[in-house]
Amino acid sequence: MKAFLALLEKELKIVFSSPIAYVFIGLFLTIAGFFFYNIMAWFDRISMQSMAYAQMYRMPPQPINVNMMALRPFFHNLTIIALFLLPGFTMRLFAEEKRQGTLELLETSPITNWQLTLAKFTAAWILWGITLALTGILVGMLFFFGNPEVGQILSGYLGMFLVGGAFIAIGMWFSTLTENQIVAFISALGANLVLLSLGWLSNFAGATLGKIFANIDPIGHFDDFAKGVIDTKHIVFYVSFIFMGIFLSFMSVESARWRGSR
Amino acid sequence: MIRVENLTRYYGNFPAIEDVTFDVDKGEILGFLGPNGAGKSTTMRILTCYMPATSGKATVAGFDVFEQSMEVRKRIGYLPEHPPLYPDLTVDTYLDFVAKIKGVPAQERKKAIDDVIDRVGLQDVRNRTIRKLSKGFKQRVGLAQALVHDPEVLILDEPTVGLDPKQIIEVRELIKSLAGRHTVILSTHILPEVSMTCQRVVIIDKGRVVAEDTPENLSAKVKSTERILVEVEGPQDEVKQKLTSVPGVKNVSLENANGTARFVIDSELDKDIRKDLANTVVSQGWGLLELRPMDVSLEEVFLRLTTKE
């Protein structure tokens with residue numbers, strides 16, 4: 001546990017004492033803000049239309065559900081931004097240690113590869129948590145102008161936290177496979193996109209294969225969270241997905257010594 | 001303290017080291033000498049538990065590097081060829097991290113870090129970011145990292161590479177001061193370094209140990225001939241022939257330098273033939289420009305052991 005905490009602390013210190021964290025968070029929030037503005041502008045327009053129709057037909061205006069009409073697509077957008085940006089953060093996790101030669105320090109110190117992979121994953125997950133928390137500023141603004149439902153927001157955030165964890169787990173694994181960060185980035189992004197497109201393809205892939213495809217896509221499991229439904233089956237999916245990523249990373253670091261490829 | 005028995009490591013079909021055997025006593029500094037690619041780093045990486053051997057056995061402080069890897073790791077300080085530094089951390093933060101993962105208890109950590117910073121002379125830069133340090137300081141941080149948990153065994157892979165002459169002397173002094181308190185294996189391809197810092201030398205070439213002794217003995221062993229340099233003005237072939245006929249001369253080789261002929265003469269040991277050589281040249285009426293004995297340096301010992309004639 002001590003070694004795990006030391007590794008975690010080091011990881012966070014490096015991320016926050018270099019531009020990495022700030023660039024990541026800044027970029028994420030900028031893109032998120034852009035999507036948020038667009039969705040809000042659109043939401044504003046359909047609200048106005050609804051008022052206009054109400055006047056036209058002399059009926060009380062239909063309230064439009066901000067959770068379903070605005071926040072749900074916004075949360076979906078955030079997961080897509082994460083799909084593209086998180087590999088940019090995870091690419092350095094192991095690749096940089098290899099290139100810098102610091103893996104040689106870690107692998108000759110009395111720590112286990114479990115401690116190492118878990119600490120790295122946790123550090124990245126914490127950064128993702130902080131980034132998500134900061135998007136709360138955007139969502140928080142809605143409370144000044146309306147009364148969105150808190151439950152759906154919390155479930156959406158839980159879902160996004162888990163989706164991010166899945167992307168981090170994949171990205172970390174690709175980072176253990178190479179010492180080239182660009183290779184790690186592109187292959188992790190490619191893997192994310194393949195998983196996403198499997199989700200789309202599921203409609204055309206026939207009964208059995210379609211079901212497999214639909215269930216393998218991390219974003220596909222997110223929609224219930226975005227609707228405000230917390231279903232155990234999705235939580236189980238994300239937890240096992242994350243564990244698989246950590247396990248593959250562990251195996252890859254552990255076996256590198258046998259292959260003599262480091 | 002360190003025992004290495006028949007250690008072999010293959011990379012695919014290529015043997016990086018084969019049948020390497022040596023041991024190091026407690027408190028001793030062992031020089032590990034060899035040309036680039038001889039297998040020095042591979043041996044050190046096996047000893048530090050970074051990679052396993054294909055066959056053979058190595059123990060550090062009585063613990064097997066493979067079976068009891070964690071015990072070995074606690075007792076070893078390792079400076080790889082490239083110091084394993086995190087450029088974004090400050091020297092203090094970095095050493096604190098290393099102390100933590102090496103298992104230095106919390107209450108001793110601050111003192112351990114202060115001590116090691118004093119020992120390697122990093123007082124002035126301890127709050128600086130490692131990225132901004134000069135190469136010499138980075139190397140010292142690397143050394144500090146290996147020393148911070150006061151390990152019984154230190155393994156240093158080419159610790160003076162890339163330093164300026166003043167820094168090299170400082171680092172060598174530092175390493176010398178480690179003897180007694182730590183057991184040290186020091187790899188290098190710079191020979192004077194070995195004669196200056198080490199009590200014993202293992203010479204390794206193409207993955208095999210070719211010699212193992214004190215630096216002095218090694219020079220003496222290889223020094224089966226005396227060498228003399230003679231520079232003569234005269235017909236080269238004739239001079240060479242005459243010089244070869246001087247009693248006691250084993251071999252004469254010609255080196256051309258600026259029109260005059262320089263000969264390197266190997267003669268039998270314990271026999272001073274300088275006078276005979278001078279007489280031979282002068283009596284022929286040739287000009288004797290230079291005549292001086294040459295020392296067989298450790299460099300040559302090394303070359304003779306590592307190159308086949």
# chains A, B, ... in the order shown; residues from 1 in each chain; ligands from 1
$ interface_residues --of "chain A" --to "chain B" --cutoff "12 Å" --atoms "only C-alpha atoms" --output "short mmCIF file (atom, residue, chain, number, x, y, z; two decimals) with N, CA, C and O atoms, in the first residue's frame"
data_model
loop_
_atom_site.label_atom_id
_atom_site.label_comp_id
_atom_site.auth_asym_id
_atom_site.auth_seq_id
_atom_site.Cartn_x
_atom_site.Cartn_y
_atom_site.Cartn_z
N MET A 1 0.83 -1.20 0.00
CA MET A 1 0.00 0.00 0.00
C MET A 1 0.87 1.25 0.00
O MET A 1 0.61 2.21 -0.73
N LYS A 2 1.92 1.23 0.82
CA LYS A 2 2.84 2.38 0.88
C LYS A 2 3.46 2.66 -0.48
O LYS A 2 3.51 3.80 -0.92
N ALA A 3 3.93 1.58 -1.11
CA ALA A 3 4.56 1.75 -2.42
C ALA A 3 3.55 2.26 -3.42
O ALA A 3 3.85 3.13 -4.23
N PHE A 4 2.31 1.72 -3.34
CA PHE A 4 1.25 2.18 -4.24
C PHE A 4 1.03 3.68 -4.08
O PHE A 4 0.97 4.42 -5.06
N LEU A 5 0.95 4.13 -2.83
CA LEU A 5 0.71 5.56 -2.60
C LEU A 5 1.89 6.40 -3.08
O LEU A 5 1.69 7.48 -3.65
N ALA A 6 3.10 5.90 -2.88
CA ALA A 6 4.27 6.64 -3.35
C ALA A 6 4.25 6.78 -4.87
O ALA A 6 4.51 7.85 -5.41
N LEU A 7 3.89 5.68 -5.54
CA LEU A 7 3.82 5.71 -7.01
C LEU A 7 2.72 6.64 -7.50
O LEU A 7 2.90 7.41 -8.44
N LEU A 8 1.58 6.58 -6.82
CA LEU A 8 0.45 7.43 -7.19
C LEU A 8 0.82 8.91 -7.03
O LEU A 8 0.56 9.74 -7.89
N GLU A 9 1.45 9.19 -5.88
CA GLU A 9 1.84 10.57 -5.59
C GLU A 9 2.80 11.10 -6.65
O GLU A 9 2.65 12.21 -7.17
N LYS A 10 3.78 10.26 -7.00
CA LYS A 10 4.75 10.65 -8.03
C LYS A 10 4.06 10.93 -9.35
O LYS A 10 4.32 11.94 -10.00
N GLU A 11 3.15 10.04 -9.71
CA GLU A 11 2.44 10.18 -10.98
C GLU A 11 1.69 11.51 -11.03
O GLU A 11 1.77 12.26 -12.00
N LEU A 12 0.98 11.82 -9.94
CA LEU A 12 0.19 13.06 -9.92
C LEU A 12 1.10 14.29 -9.90
O LEU A 12 0.83 15.29 -10.55
N LYS A 13 2.20 14.18 -9.15
CA LYS A 13 3.13 15.32 -9.10
C LYS A 13 3.67 15.63 -10.48
O LYS A 13 3.78 16.79 -10.86
N ILE A 14 4.02 14.58 -11.24
CA ILE A 14 4.58 14.82 -12.57
C ILE A 14 3.51 15.43 -13.46
O ILE A 14 3.77 16.41 -14.17
N VAL A 15 2.30 14.90 -13.38
CA VAL A 15 1.24 15.40 -14.25
C VAL A 15 0.94 16.87 -13.94
O VAL A 15 0.71 17.67 -14.85
N PHE A 16 0.95 17.22 -12.67
CA PHE A 16 0.56 18.59 -12.32
C PHE A 16 1.73 19.56 -12.25
O PHE A 16 1.52 20.77 -12.17
N SER A 17 2.97 19.06 -12.28
CA SER A 17 4.09 20.01 -12.30
C SER A 17 4.58 20.22 -13.73
O SER A 17 5.50 20.98 -13.98
N SER A 18 3.96 19.53 -14.70
CA SER A 18 4.29 19.76 -16.10
C SER A 18 3.02 20.26 -16.78
O SER A 18 1.95 20.25 -16.19
N PRO A 19 3.12 20.69 -18.03
CA PRO A 19 1.91 21.23 -18.67
C PRO A 19 0.84 20.17 -18.98
O PRO A 19 -0.28 20.54 -19.33
N ILE A 20 1.18 18.88 -18.85
CA ILE A 20 0.29 17.82 -19.33
C ILE A 20 -1.15 17.99 -18.83
O ILE A 20 -2.09 18.05 -19.62
N GLU A 96 6.59 6.59 -21.79
CA GLU A 96 7.56 7.59 -21.36
C GLU A 96 8.56 7.01 -20.36
O GLU A 96 9.75 7.31 -20.40
N GLU A 97 8.07 6.15 -19.46
CA GLU A 97 8.97 5.52 -18.49
C GLU A 97 10.02 4.69 -19.21
O GLU A 97 11.18 4.63 -18.81
N LYS A 98 9.58 4.04 -20.29
CA LYS A 98 10.54 3.22 -21.04
C LYS A 98 11.57 4.10 -21.72
O LYS A 98 12.76 3.83 -21.67
N ARG A 99 11.09 5.15 -22.38
CA ARG A 99 12.00 5.99 -23.15
C ARG A 99 12.99 6.71 -22.23
O ARG A 99 14.16 6.83 -22.53
N GLN A 100 12.49 7.15 -21.08
CA GLN A 100 13.34 7.87 -20.13
C GLN A 100 14.31 6.94 -19.40
O GLN A 100 15.22 7.40 -18.73
N GLY A 101 14.03 5.64 -19.46
CA GLY A 101 14.85 4.70 -18.71
C GLY A 101 14.44 4.58 -17.26
O GLY A 101 15.07 3.86 -16.49
N THR A 102 13.38 5.29 -16.86
CA THR A 102 12.97 5.22 -15.46
C THR A 102 12.30 3.89 -15.13
O THR A 102 12.20 3.52 -13.97
N LEU A 103 11.86 3.17 -16.18
CA LEU A 103 11.29 1.85 -15.91
C LEU A 103 12.36 0.95 -15.28
O LEU A 103 12.05 0.09 -14.47
N GLU A 104 13.60 1.20 -15.63
CA GLU A 104 14.71 0.42 -15.07
C GLU A 104 14.83 0.66 -13.56
O GLU A 104 15.17 -0.24 -12.81
N LEU A 105 14.54 1.91 -13.14
CA LEU A 105 14.52 2.20 -11.70
C LEU A 105 13.36 1.46 -11.04
O LEU A 105 13.53 0.79 -10.01
N LEU A 106 12.17 1.58 -11.64
CA LEU A 106 10.99 0.99 -11.02
C LEU A 106 11.11 -0.53 -10.96
O LEU A 106 10.77 -1.15 -9.95
N GLU A 107 11.63 -1.14 -12.05
CA GLU A 107 11.68 -2.59 -12.12
C GLU A 107 12.83 -3.18 -11.31
O GLU A 107 12.97 -4.39 -11.24
N THR A 108 13.69 -2.34 -10.76
CA THR A 108 14.74 -2.87 -9.87
C THR A 108 14.50 -2.41 -8.44
O THR A 108 15.37 -2.55 -7.58
N SER A 109 13.33 -1.82 -8.18
CA SER A 109 12.97 -1.42 -6.82
C SER A 109 12.03 -2.45 -6.23
O SER A 109 11.33 -3.15 -6.96
N PRO A 110 11.99 -2.54 -4.89
CA PRO A 110 11.13 -3.55 -4.28
C PRO A 110 9.65 -3.20 -4.36
O PRO A 110 8.99 -2.98 -3.34
N ILE A 111 9.12 -3.06 -5.56
CA ILE A 111 7.68 -2.85 -5.75
C ILE A 111 7.20 -3.88 -6.77
O ILE A 111 7.99 -4.39 -7.55
N THR A 112 5.90 -4.18 -6.74
CA THR A 112 5.38 -5.17 -7.69
C THR A 112 4.78 -4.46 -8.89
O THR A 112 4.44 -3.28 -8.83
N ASN A 113 4.62 -5.21 -9.97
CA ASN A 113 4.02 -4.62 -11.16
C ASN A 113 2.53 -4.35 -10.97
O ASN A 113 1.96 -3.53 -11.67
N GLN A 115 1.32 -3.05 -8.14
CA GLN A 115 1.31 -1.71 -7.54
C GLN A 115 1.53 -0.65 -8.61
O GLN A 115 0.88 0.40 -8.62
N LEU A 116 2.45 -0.96 -9.52
CA LEU A 116 2.79 0.00 -10.57
C LEU A 116 1.61 0.27 -11.50
O LEU A 116 1.20 1.42 -11.71
N VAL A 253 3.77 -5.67 -18.92
CA VAL A 253 4.97 -5.20 -18.21
C VAL A 253 5.74 -6.38 -17.64
O VAL A 253 6.96 -6.47 -17.73
N GLU A 254 4.98 -7.32 -17.08
CA GLU A 254 5.59 -8.48 -16.44
C GLU A 254 6.33 -9.35 -17.47
O GLU A 254 7.41 -9.86 -17.19
N SER A 255 5.74 -9.50 -18.65
CA SER A 255 6.33 -10.44 -19.61
C SER A 255 7.46 -9.79 -20.41
O SER A 255 8.25 -10.49 -21.02
N ALA A 256 7.54 -8.45 -20.39
CA ALA A 256 8.59 -7.78 -21.17
C ALA A 256 9.96 -8.27 -20.74
O ALA A 256 10.87 -8.41 -21.55
N ARG A 257 10.12 -8.56 -19.44
CA ARG A 257 11.42 -9.00 -18.96
C ARG A 257 11.81 -10.36 -19.54
O ARG A 257 12.96 -10.66 -19.75
N TRP A 258 10.80 -11.19 -19.80
CA TRP A 258 11.10 -12.53 -20.33
C TRP A 258 11.44 -12.46 -21.80
O TRP A 258 12.27 -13.19 -22.29
N ARG A 259 10.74 -11.55 -22.50
CA ARG A 259 10.99 -11.45 -23.92
C ARG A 259 12.32 -10.75 -24.18
O ARG A 259 12.83 -10.76 -25.28
N GLY A 260 12.83 -10.10 -23.14
CA GLY A 260 14.09 -9.38 -23.30
C GLY A 260 13.93 -8.19 -24.22
O GLY A 260 14.87 -7.75 -24.84
N SER A 261 12.70 -7.68 -24.33
CA SER A 261 12.46 -6.63 -25.30
C SER A 261 12.52 -5.26 -24.66
O SER A 261 11.90 -4.33 -25.11
N ARG A 262 13.22 -5.15 -23.55
CA ARG A 262 13.29 -3.81 -23.00
C ARG A 262 14.71 -3.43 -22.63
O ARG A 262 15.60 -4.22 -22.75
#
$ residues_around --residues "B:Asp164" --least-positions-apart "4" --cutoff "12 Å" --atoms "only C-alpha atoms" --output "ChimeraX atom specification"
/B:134-137,139,160,168-171
$ write_last_selection --atoms "N, CA and C atoms" --output "CSV table (one decimal), in the first residue's frame"
chain,number,residue,atom,x,y,z
B,134,SER,N,22.6,20.5,-15.2
B,134,SER,CA,23.6,20.2,-16.2
B,134,SER,C,23.8,18.7,-16.1
B,135,LYS,N,24.5,18.2,-17.2
B,135,LYS,CA,24.7,16.7,-17.3
B,135,LYS,C,25.4,16.2,-16.0
B,136,GLY,N,26.4,16.9,-15.5
B,136,GLY,CA,27.1,16.5,-14.4
B,136,GLY,C,26.2,16.3,-13.1
B,137,PHE,N,25.4,17.3,-13.0
B,137,PHE,CA,24.5,17.2,-11.8
B,137,PHE,C,23.5,16.1,-12.0
B,139,GLN,N,24.0,13.3,-13.4
B,139,GLN,CA,24.7,12.1,-13.1
B,139,GLN,C,24.8,11.9,-11.6
B,160,THR,N,30.8,7.5,-15.0
B,160,THR,CA,31.5,8.7,-15.4
B,160,THR,C,31.3,9.1,-16.8
B,168,ILE,N,34.6,14.0,-13.4
B,168,ILE,CA,35.0,12.6,-13.4
B,168,ILE,C,35.9,12.3,-12.2
B,169,ILE,N,36.8,13.2,-11.9
B,169,ILE,CA,37.6,13.0,-10.7
B,169,ILE,C,36.8,13.0,-9.4
B,170,GLU,N,35.8,13.9,-9.4
B,170,GLU,CA,34.9,14.0,-8.2
B,170,GLU,C,34.1,12.7,-8.0
B,171,VAL,N,33.6,12.2,-9.1
B,171,VAL,CA,32.8,11.0,-9.0
B,171,VAL,C,33.7,9.8,-8.6
$ residues_around --residues "stretch 195-212 of chain B" --least-positions-apart "3" --cutoff "6 Å" --atoms "only C-alpha atoms" --output "MDAnalysis selection string"
chainID B and resid 16:18 20 29:34 38:39 176 192 215 306
$ select_by_dssp --residues "stretch 42-249 of chain A" --states "helix (DSSP H, G or I)" --output "number ranges by chain"
A: 42-56, 66-90, 92-100, 102-106, 113-145, 150-176, 181-204, 207-216, 220-227, 232-249
$ residues_around --residues "A:Pro148" --least-positions-apart "5" --cutoff "12 Å" --atoms "only C-alpha atoms" --output "PyMOL selection string"
chain A and resi 63-72+139-143+153-154+228
$ residues_around --residues "stretch 237-242 of chain B" --least-positions-apart "2" --cutoff "8 Å" --atoms "only C-alpha atoms" --output "list of chain:residue names"
B:Val232, B:Gly234, B:Pro235, B:Thr244, B:Ser245, B:Val246, B:Val252, B:Leu254, B:Phe263, B:Thr280, B:Val281
$ select_by_dssp --residues "stretch 156-203 of chain B" --states "strand (DSSP E)" --output "ChimeraX atom specification"
/B:156-157,183-188,200-203
$ write_last_selection --atoms "C-alpha atoms" --output "PDB file, in the first residue's frame"
ATOM      1  CA  LEU B 156      27.098   1.385 -11.216  1.00  0.00           C
ATOM      2  CA  ASP B 157      26.940   1.137 -15.000  1.00  0.00           C
ATOM      3  CA  THR B 183      30.149  -3.521  -1.976  1.00  0.00           C
ATOM      4  CA  VAL B 184      30.484  -1.973  -5.410  1.00  0.00           C
ATOM      5  CA  ILE B 185      30.497  -3.285  -8.959  1.00  0.00           C
ATOM      6  CA  LEU B 186      31.569  -0.616 -11.382  1.00  0.00           C
ATOM      7  CA  SER B 187      31.438  -1.110 -15.113  1.00  0.00           C
ATOM      8  CA  THR B 188      33.463   0.978 -17.471  1.00  0.00           C
ATOM      9  CA  ARG B 200      39.921  -6.066  -8.496  1.00  0.00           C
ATOM     10  CA  VAL B 201      39.070  -6.243 -12.185  1.00  0.00           C
ATOM     11  CA  VAL B 202      36.991  -8.623 -14.221  1.00  0.00           C
ATOM     12  CA  ILE B 203      37.567  -8.252 -17.936  1.00  0.00           C
TER      13      ILE B 203
END
$ atom_distance --atom1 "atom CA of A:Pro61" --atom2 "atom CA of A:Ile46"
11.9 Å
